[in-house]
Number of protein chains: 4
Amino acid sequence: MTEQLQQARALRRRDRILDAALDVFAARGYHEASVEEIAARAETSKGGLYFHFPGKQALFLALLEWAHRELRRRVDTAVASANDPLARADAALQAVLRAFGRHRRLARIFLVDAPGAGPEFHERVLRIQEEFIELVRELLEAAKQRGEIEKDVETAVAARAWFGAVHSVLHGWLLARSPRSLDLAYEALRPLIYRSLGAAPPRNEDGAR
Amino acid sequence: MTEQLQQARALRRRDRILDAALDVFAARGYHEASVEEIAARAETSKGGLYFHFPGKQALFLALLEWAHRELRRRVDTAVASANDPLARADAALQAVLRAFGRHRRLARIFLVDAPGAGPEFHERVLRIQEEFIELVRELLEAAKQRGEIEKDVETAVAARAWFGAVHSVLHGWLLARSPRSLDLAYEALRPLIYRSLGAAPPRNEDGAR
Amino acid sequence: MTEQLQQARALRRRDRILDAALDVFAARGYHEASVEEIAARAETSKGGLYFHFPGKQALFLALLEWAHRELRRRVDTAVASANDPLARADAALQAVLRAFGRHRRLARIFLVDAPGAGPEFHERVLRIQEEFIELVRELLEAAKQRGEIEKDVETAVAARAWFGAVHSVLHGWLLARSPRSLDLAYEALRPLIYRSLGAAPPRNEDGAR
Amino acid sequence: MTEQLQQARALRRRDRILDAALDVFAARGYHEASVEEIAARAETSKGGLYFHFPGKQALFLALLEWAHRELRRRVDTAVASANDPLARADAALQAVLRAFGRHRRLARIFLVDAPGAGPEFHERVLRIQEEFIELVRELLEAAKQRGEIEKDVETAVAARAWFGAVHSVLHGWLLARSPRSLDLAYEALRPLIYRSLGAAPPRNEDGAR
DNA sequence: AATGAATGAGTCTTCATTCAT
DNA sequence: GATGAATGAAGACTCATTCAT
């Protein structure tokens with residue numbers, strides 16, 4: 001029991017550190033962020049931080065992994081709740097958009113800081129992106145088999161293009177040029193997507209709550 | 001004359017420094033790049049470098065500006081050589097793709113390093129991207145006025161989406177996952193674009209040199 | 001009984017810690033050795049270690065004291081088993097050589113690590129060395145009184161010299177340049193010692209096991 | 001000319017740093033010495049120190065090398081000024097003693113700090129010691145060939161022993177137990193050496209200036 | 001104009017030690 | 001008695017920038 005309490009407290013502190021790291025990395029970028037500040041914001045000491053994480057880089061990677069898991073979970077849920085492949089791809093992209101839309105800090109880290117923070121991080125982020133692009137590609141391919149989209153669509157290119165379109169919309173939103181909600185932006189994007197694939201857009205999509 | 005010679009020499013050195021900076025920044029990323037190494041590669045001294053540029057950040061920004069001008073020039077040329085708005089937008093995107101395709105180092109700096117190198121750079125890159133997105137938007141809007149694309153297309157979203165698609169394809173190519181030429185990738189992308197806008201793809205596009 | 005058992009357990013743990021400390025200090029040197037590693041090797045926790053010893057320095061000193069006692073015991077035994085003063089001095093030096101020869105780790109700590117680990121340790125080691133040198137000096141002095149060695153020998157210098165000679169041979173052996181056994185090395189050394197004192201070497205010395 | 005001045009100043013500063021390092025290392029030992037303090041004592045900045053030396057370890061090694069060269073030079077001079085092999089060995093040992101006697105700080109570093117400062121340093125010091133031992137051995141061997149010392153002397157052991165004896169006397173002196181000059185100590189040591197080799201001591205040694 | 005020696009603020013990281021449980 | 005999470009002081013090292021020459 002005592003042990004469990006200790007362990008629970010330690011885990012809570014670990015989470016506090018991750019939280020603080022998220023704050024600081026998102027606010028300053030990877031290089032400008034200092035371990036000192038992260039520790040301070042987590043209300044612990046530098047040594048305490050190093051007890052839980054082997055170093056700054058590992059801390060950042062842990063953040064990335066955590067975000068990856070979260071993202072993946074939401075996307076999987078969204079995909080599972082749709083019926084046909086095209087709707088699934090649609091749901092997947094929308095889930096990504098929403099997840100980042102709700103977690104601006106994560107978005108910053110994923111889309112802005114990590115790629116420029118060094119080869120290791122760049123690599124990691126790209127792999128995660130590729131994972132999602134591949135998911136979309138598979139769904140598009142399935143839709144193509146079922147005749148839901150034009151035969152001449154190259155699904156690999158289309159998947160990458162749509163991911164990029166979503167990515168770009170996100171980026172624009174991150175700059176706060178368009179205060180418009182991401183959901184609304186996606187509503188405007190969807191018809192383009194469907195039409196580009198030669199598919200009929202869903203009648204009254206109301207997936208957006 | 002002596003003055004002119006001196007000035008010419010100074011300019012040449014300035015260019016050598018920019019070249020070296022491009023090399024080093026692209027190879028190491030902004031933060032890992034050291035002024036020392038840039039000076040060495042430019043075959044000058046640190047003091048010399050600081051004579052020509054106020055600092056590391058300014059050097060990087062100068063690089064960005066230079067790249068911006070180059071890019072803009074090519075895009076303008078490409079746009080001018082097409083006739084109708086839609087073809088112009090098409091040409092603009094392709095020009096961007098080709099420019100980066102030929103200058104991998106520039107692409108790295110623009111798409112990977114600059115955004116993550118700090119707020120100032122992030123800001124600058126986004127502004128340049130917005131400039132191109134706005135250009136595309138205007139062309140799409142003109143096309144819409146002339147009835148070349150569907151009336152219900154939100155040109156702001158469409159422009160951003162297509163820019164993002166191109167961006168994403170570029171990113172994928174930077175990772176060298178797709179050894180396929182960027183030109184070919186764009187050939188596969190173009191039909192998607194046209195169809196998404198409800199426009200007929202150009203018959204035999206041979207814009208590719 | 002319970003108390004006794006507990007005490008016995010505590011002592012056993014104390015010994016385990018000393019053993020572990022010997023291992024780690026000898027392998028890494030004083031400064032590179034970490035309390036963490038010692039605790040781990042002793043199969044206890046850092047807190048546990050600090051229950052038995054006040055700190056790293058104290059632990060090292062405890063090791064030194066223990067080694068001192070061991071060494072002293074062996075030397076005393078050796079001295080007691082010889083008859084005349086000269087033979088006793090001989091036995092003392094040989095005992096030192098043998099003790100270290102059998103405990104390479106101890107030798108390392110005594111001769112290499114401790115002197116360089118800080119003034120306190122340096123001081124301590126020197127005092128122990130001086131103790132042995134003084135022992136030898138007294139024996140040489142007695143031999144001189146009895147006319148066994150030349151009258152003009154300065155016993156203080158001679159004692160220090162012979163201790164140093166043994167020390168140096170040990171050092172050379174620690175470097176493993178001379179794979180030859182220490183006993184053999186001492187066999188070669190003894191005649192030098194005796195002759196330098198103007199004494200006749202023992203006829204057939206068979207002290208070596 | 002300007003360049004030369006700059007270079008000269010730089011060299012002077014380099015020397016100041018070496019001097020300061022000698023002071024601090026000798027006073028505190030390798031591990032306790034801080035780069036900060038060395039820089040302060042050299043009246044330069046940490047960065048300045050790192051401009052001249054790649055790091056703390058390199059600085060220490062540079063010190064060792066410098067001392068080695070000095071020592072070697074003096075020993076060589078001493079050896080050259082003696083006539084027969086035995087007198088040369090004698091001169092070599094005395095030169096070592098004198099050099100250290102005049103440079104207590106160097107002695108501390110060589111004999112106390114370096115061996116315990118880590119394997120690299122230990123190794124380096126031992127190699128230097130071995131170099132001197134080997135020199136003595138060769139001289140003893142020559143003396144043996146010429147019949148100046150007993151046939152049964154193992155020169156390898158004898159050389160090591162005598163080096164160790166000198167070493168030990170030095171050590172004792174370092175602790176300031178014997179305020180007596182090192183020269184006098186060596187006067188007392190010499191007869192032991194000669195006699196141990198079965199050689200007649202030089203009549204009136206007046207090598208000491 | 002150019003050089004390169006010098007600066008010093010800032011960073012990550014280590015580790016002996018403490019202490020609540 | 002034992003545990004291991006937490007502390008915090010200290011240290012080596014980097015590097016953009018400056019400036020005497």
# chains A, B, ... in the order shown; residues from 1 in each chain; ligands from 1
>>> residues_around(residues="Gly198 of chain D", least_positions_apart="3", cutoff="10 Å", atoms="only C-alpha atoms (C1' of nucleotides)", output="list in words")
Leu192, Arg195, Ser196 and Gly198 of chain C; Glu148, Ile149, Glu150, Lys151, Asp152, Val153, Leu192, Ile193, Tyr194, Arg195 and Pro201 of chain D
>>> interface_residues(of="chain E", to="chain A", cutoff="10 Å", atoms="only C-alpha atoms (C1' of nucleotides)", output="list in words")
DG10, DT11, DC12, DT13, DT14, DC15, DA20 and DT21 of chain E
>>> closest_atom_pairs(of="chain B", to="chain A", cutoff="9 Å", atoms="only C-alpha atoms", output="CSV")
residue,atom,partner,partner_atom,distance
B:Arg28,CA,A:Gly118,CA,8.1
B:Gly29,CA,A:Gly118,CA,7.0
B:Tyr30,CA,A:Gly116,CA,8.1
B:His31,CA,A:His31,CA,7.5
B:Glu32,CA,A:Gly118,CA,8.2
B:Leu111,CA,A:Gly116,CA,8.9
B:Val112,CA,A:Gly116,CA,5.3
B:Asp113,CA,A:Gly116,CA,4.7
B:Ala114,CA,A:Gly116,CA,7.3
B:Pro115,CA,A:Val112,CA,5.8
B:Gly116,CA,A:Gly116,CA,4.5
B:Ala117,CA,A:Gly116,CA,6.5
B:Gly118,CA,A:Gly29,CA,6.7
B:Pro119,CA,A:Arg28,CA,8.3
B:His122,CA,A:Val112,CA,8.2
B:Glu123,CA,A:Leu175,CA,8.2
B:Leu126,CA,A:Leu175,CA,7.9
B:Glu130,CA,A:Gly172,CA,8.3
B:Val153,CA,A:Leu192,CA,7.5
B:Glu154,CA,A:Ala188,CA,6.7
B:Val157,CA,A:Leu189,CA,6.4
B:Ala158,CA,A:Leu189,CA,7.1
B:Arg160,CA,A:Ser168,CA,6.4
B:Ala161,CA,A:Ala165,CA,4.1
B:Trp162,CA,A:Ala165,CA,6.2
B:Phe163,CA,A:Ala165,CA,7.2
B:Gly164,CA,A:Ala165,CA,4.3
B:Ala165,CA,A:Ala161,CA,4.0
B:Val166,CA,A:Ala161,CA,6.9
B:His167,CA,A:Gly164,CA,6.5
B:Ser168,CA,A:Gly164,CA,4.5
B:Val169,CA,A:Arg160,CA,6.4
B:His171,CA,A:Leu126,CA,8.7
B:Gly172,CA,A:Arg160,CA,8.2
B:Leu175,CA,A:Leu126,CA,8.1
B:Ala185,CA,A:Val157,CA,7.2
B:Tyr186,CA,A:Val157,CA,8.9
B:Ala188,CA,A:Val157,CA,6.7
B:Leu189,CA,A:Val157,CA,6.5
B:Pro191,CA,A:Ser196,CA,7.7
B:Leu192,CA,A:Ser196,CA,4.7
B:Ile193,CA,A:Ser196,CA,6.3
B:Tyr194,CA,A:Ser196,CA,7.2
B:Arg195,CA,A:Ser196,CA,4.6
B:Ser196,CA,A:Ser196,CA,3.6
B:Leu197,CA,A:Leu192,CA,6.7
B:Gly198,CA,A:Arg195,CA,7.2
>>> closest_atom_pairs(of="chain F", to="chain C", cutoff="8 Å", atoms="only C-alpha atoms (C1' of nucleotides)", output="tab-separated table")
residue	atom	partner	partner_atom	distance
F:DG1	C1'	C:Gly48	CA	7.8
F:DA2	C1'	C:Gly48	CA	5.8
F:DT3	C1'	C:Ser45	CA	6.5
F:DG4	C1'	C:Ser45	CA	7.5
>>> write_last_selection(atoms="N, CA and C atoms (P, O5', C5', C4', C3', O3' and C1' of nucleotides)", output="compact mmCIF listing (two decimals), in the first residue's frame")
# COMPACT_ATOMS: atom_id res chain seq x y z
P DG F 1 18.49 -3.08 13.14
O5' DG F 1 18.61 -2.01 11.98
C5' DG F 1 17.38 -1.47 11.47
C4' DG F 1 16.98 -2.20 10.21
C3' DG F 1 17.83 -1.86 9.02
O3' DG F 1 17.67 -2.94 8.10
C1' DG F 1 15.69 -0.94 8.74
P DA F 2 18.42 -2.94 6.73
O5' DA F 2 17.29 -2.29 5.81
C5' DA F 2 16.13 -3.08 5.56
C4' DA F 2 15.33 -2.49 4.43
C3' DA F 2 16.13 -2.04 3.21
O3' DA F 2 15.48 -2.61 2.09
C1' DA F 2 14.70 -0.30 3.94
P DT F 3 16.13 -2.44 0.63
O5' DT F 3 15.19 -1.34 0.01
C5' DT F 3 13.78 -1.55 -0.01
C4' DT F 3 13.08 -0.32 -0.53
C3' DT F 3 13.73 0.26 -1.79
O3' DT F 3 12.80 0.16 -2.83
C1' DT F 3 13.16 1.95 -0.20
P DG F 4 13.31 -0.03 -4.32
O5' DG F 4 13.01 1.44 -4.86
C5' DG F 4 11.75 2.04 -4.59
C4' DG F 4 11.88 3.54 -4.80
C3' DG F 4 12.76 3.95 -5.98
O3' DG F 4 12.29 5.19 -6.48
C1' DG F 4 13.58 4.92 -4.08
>>> atom_distance(atom1="atom CA of Val79 of chain B", atom2="atom CA of Leu174 of chain A")
29.0 Å
>>> residues_around(residues="segment 135-140 of chain A", least_positions_apart="3", cutoff="7 Å", atoms="only C-alpha atoms (C1' of nucleotides)", output="MDAnalysis selection string")
chainID A and resid 85:86 89 131:132 143:144 155:156 159
>>> write_last_selection(atoms="N, CA and C atoms", output="PDB file, in the first residue's frame")
ATOM      1  N   PRO A  85     -15.658   2.481 -46.922  1.00  0.00           N
ATOM      2  CA  PRO A  85     -14.261   2.928 -46.928  1.00  0.00           C
ATOM      3  C   PRO A  85     -14.116   4.426 -47.095  1.00  0.00           C
ATOM      4  N   LEU A  86     -14.847   5.012 -47.992  1.00  0.00           N
ATOM      5  CA  LEU A  86     -14.693   6.421 -48.240  1.00  0.00           C
ATOM      6  C   LEU A  86     -15.072   7.231 -46.994  1.00  0.00           C
ATOM      7  N   ALA A  89     -12.249   6.984 -44.523  1.00  0.00           N
ATOM      8  CA  ALA A  89     -11.128   7.877 -44.805  1.00  0.00           C
ATOM      9  C   ALA A  89     -11.495   9.293 -44.385  1.00  0.00           C
ATOM     10  N   GLU A 131       2.307   6.810 -41.575  1.00  0.00           N
ATOM     11  CA  GLU A 131       1.373   5.801 -41.074  1.00  0.00           C
ATOM     12  C   GLU A 131      -0.066   6.212 -41.382  1.00  0.00           C
ATOM     13  N   PHE A 132      -0.364   7.479 -41.155  1.00  0.00           N
ATOM     14  CA  PHE A 132      -1.728   7.936 -41.411  1.00  0.00           C
ATOM     15  C   PHE A 132      -2.013   7.999 -42.910  1.00  0.00           C
ATOM     16  N   ALA A 143     -12.064   1.627 -51.485  1.00  0.00           N
ATOM     17  CA  ALA A 143     -13.181   2.329 -52.131  1.00  0.00           C
ATOM     18  C   ALA A 143     -13.089   2.175 -53.645  1.00  0.00           C
ATOM     19  N   LYS A 144     -11.896   2.207 -54.152  1.00  0.00           N
ATOM     20  CA  LYS A 144     -11.694   2.062 -55.597  1.00  0.00           C
ATOM     21  C   LYS A 144     -12.140   0.678 -56.045  1.00  0.00           C
ATOM     22  N   THR A 155      -4.234   6.088 -55.800  1.00  0.00           N
ATOM     23  CA  THR A 155      -4.586   6.244 -54.383  1.00  0.00           C
ATOM     24  C   THR A 155      -3.406   6.738 -53.550  1.00  0.00           C
ATOM     25  N   ALA A 156      -2.198   6.332 -53.916  1.00  0.00           N
ATOM     26  CA  ALA A 156      -1.038   6.788 -53.142  1.00  0.00           C
ATOM     27  C   ALA A 156      -0.903   8.306 -53.208  1.00  0.00           C
ATOM     28  N   ALA A 159      -3.991   9.984 -51.432  1.00  0.00           N
ATOM     29  CA  ALA A 159      -3.915   9.942 -49.965  1.00  0.00           C
ATOM     30  C   ALA A 159      -2.948  11.011 -49.457  1.00  0.00           C
TER      31      ALA A 159
END
>>> residues_around(residues="Arg41 of chain C", least_positions_apart="4", cutoff="10 Å", atoms="only C-alpha atoms (C1' of nucleotides)", output="PyMOL selection string")
chain C and resi 16-17+19-21+23-24+35-37+45
